[in-house]
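See structure below.
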Amino acid sequence: MRTHTSSKEKTSADLYRQIAVTASMIFCLVGSMIGVGVFGGTPIAEAAGGALGTDATLLAPASAAFSIWSVVYAGLVAYTVWQWLPSQRSAQRQRSLGWMVAVSMVLNAVWILSIQAGWLNVSVPVILVLLAVLTVVFLRYSGRPASSWSEAVIVDGTLGLYLGWVCVAVCANIAAALTAAGFDGFGLNEEVWAVAILAVVALVGLGLALKGKGRLAVAAAIGWGLTWIAVGRTSGDMESATTSIAAAVVAAIVLLATVIIRVRSRSHAGAATSALR
């Protein structure tokens with residue numbers, strides 16, 4: 001695979017970027033530890049009056065879904081170490097991604113702290129900006145292939161899981177904020193709203209699959225979150241067969257479509273390469 005290390009010399013701006021990513025990672029980890037109650041804070045599921053609890057809304061995933069954060073955080077730590085490698089300091093790919101990834105980690109911590117403070121109305125715009133930043137990151141790394149399998153896993157895989165999970169988390173966060181604010185759905189049944197939002201997630205998942213030519217990490221995280229929403233709605237105070245089935249169907253659609261798009265993309269690329277020989 002070809003490399004994307006710049007022919008330009010390493011600059012002080014590259015060093016500042018590496019330091020910023022590292023500082024943001026530390027801030028993000030501290031925020032995450034606060035979010036799980038390590039420093040005496042209230043776990044996210046119990047903060048803000050339980051607005052993000054597993055039975056708070058129809059779009060709240062079962063508690064097991066949040067274990068994906070451990071994988072994402074481990075990946076972000078690996079990414080932080082990776083971008084310090086001499087070969088990556090002046091790499092064009094890292095120059096394109098580094099600052100945006102740093103911003104995403106700061107936003108992640110700010111989101112956790114806003115929930116801890118009970119500021120649901122603040123947490124919504126924060127997570128929406130986080131989603132926008134990660135989408136930009138996705139577009140940037142999708143347009144510049146990884147130079148090795150290790151980079152594909154550490155960089156693309158981590159950032160893909162991060163984006164995919166946030167796509168689902170945004171829905172849960174908005175639903176929690178609206179419920180806490182007393183939103184009555186304009187008289188429509190809450191299951192109608194849940195299915196409508198899940199349909200939007202399906203469109204987003206398909207759009208990302210097309211744009212990224214079938215990147216599996218994004219779809220895997222979206223499928224993971226939706227599957228645990230489906231599981232969460234099979235029992236408890238917010239039991240809903242309609243929402244459970246809809247979430248499972250959307251998860252299957254996104255995953256299947258992504259695999260199909262990936263296979264077709266690879267086959268087309270192979271055909272194009274053969275035609276040039």
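FYI, nothing fancy with the structure tokens labels: chains A, B, ... in order, residues from 1 per chain, ligands from 1 as they appear.
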
Between region 158-273 of chain A and region 59-79 of chain A, at 9 Å or less, what are the per-residue closest atom pairs and their distances in Å? Count only C-alpha atoms, order by chain and rising residue number, and return it as a Markdown table.
```
| residue | atom | partner | partner_atom | distance |
| --- | --- | --- | --- | --- |
| A:Thr158 | CA | A:Gly75 | CA | 5.1 |
| A:Leu159 | CA | A:Val72 | CA | 7.9 |
| A:Leu161 | CA | A:Val72 | CA | 6.6 |
| A:Tyr162 | CA | A:Val72 | CA | 6.0 |
| A:Trp165 | CA | A:Ile68 | CA | 8.0 |
| A:Val168 | CA | A:Leu59 | CA | 8.8 |
| A:Ala169 | CA | A:Ala60 | CA | 8.5 |
| A:Cys171 | CA | A:Leu59 | CA | 6.9 |
| A:Ala172 | CA | A:Leu59 | CA | 5.2 |
| A:Asn173 | CA | A:Ala60 | CA | 8.3 |
| A:Ala175 | CA | A:Leu59 | CA | 6.9 |
| A:Ala176 | CA | A:Ala60 | CA | 8.1 |
| A:Ala194 | CA | A:Leu59 | CA | 6.6 |
| A:Ile197 | CA | A:Leu59 | CA | 8.9 |
| A:Leu198 | CA | A:Leu59 | CA | 8.6 |
| A:Ala221 | CA | A:Ile68 | CA | 8.0 |
| A:Trp224 | CA | A:Ala65 | CA | 7.0 |
| A:Gly225 | CA | A:Ala65 | CA | 6.1 |
| A:Leu226 | CA | A:Pro61 | CA | 7.3 |
| A:Thr227 | CA | A:Pro61 | CA | 8.1 |
| A:Trp228 | CA | A:Pro61 | CA | 5.0 |
| A:Ile229 | CA | A:Pro61 | CA | 3.9 |
| A:Ala230 | CA | A:Pro61 | CA | 7.5 |
| A:Val231 | CA | A:Ala62 | CA | 6.5 |
| A:Gly232 | CA | A:Ala62 | CA | 4.5 |
| A:Arg233 | CA | A:Pro61 | CA | 8.2 |
| A:Thr243 | CA | A:Leu59 | CA | 8.0 |
| A:Ala247 | CA | A:Leu59 | CA | 8.9 |
```

Find the distance between CA of Ala177 (chain A) and CA of Gly49 (chain A) and write it in Å to one decimal. 11.2 Å

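In this model, the gap between CA of Val249 (chain A) and CA of Val133 (chain A) comes to 27.7 Å.
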
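Considering the residues A:Ala152, A:Val103, A:Val36, A:Ile174 and counting only C-alpha atoms, Ala23 (chain A) has its shortest atom-to-atom contact with A:Val103.
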
Residue nearest Arg264 (chain A) - candidates A:Ala196, A:Leu210, A:Val250, A:Ala217, atoms counted: only C-alpha atoms: A:Leu210

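When only C-alpha atoms are used to measure the gap to Val195 (chain A), the shortest distance among A:Ala220, A:Ser244, A:Thr80, A:Gln92 belongs to A:Ser244.
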
Picked from region 5-232 of chain A by DSSP as alpha helix (DSSP H), as a PyMOL selection string: chain A and resi 12-35+68-82+92-116+120-142+149-151+158-180+190-211+216-232

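Closest approach to Asn108 (chain A) from the set A:Val38, A:Met238, A:Leu29, A:Val137 is made by A:Leu29, with distances taken over only C-alpha atoms.
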
Just how far from CA of Leu206 (chain A) is CA of Ala251 (chain A), in Å to one decimal? 10.7 Å

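Residues surrounding Ile112 (chain A) within 10 Å are Cys28, Gly31, Ser32, Met33, Ile34, Gly35, Val36, Pro43, Ile44, Ala47, Leu107, Asn108, Ala109, Ile115, Gln116, Ala117, Gly118, Ser123, Val126 and Ile127 of chain A [only C-alpha atoms; sequence separation below 3 positions excluded].
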
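With only C-alpha atoms as the atoms that count, the minimum distance from Ala180 (chain A) to the choices A:Ser12, A:Ser24, A:Ser265, A:Thr57 is reached by A:Thr57.
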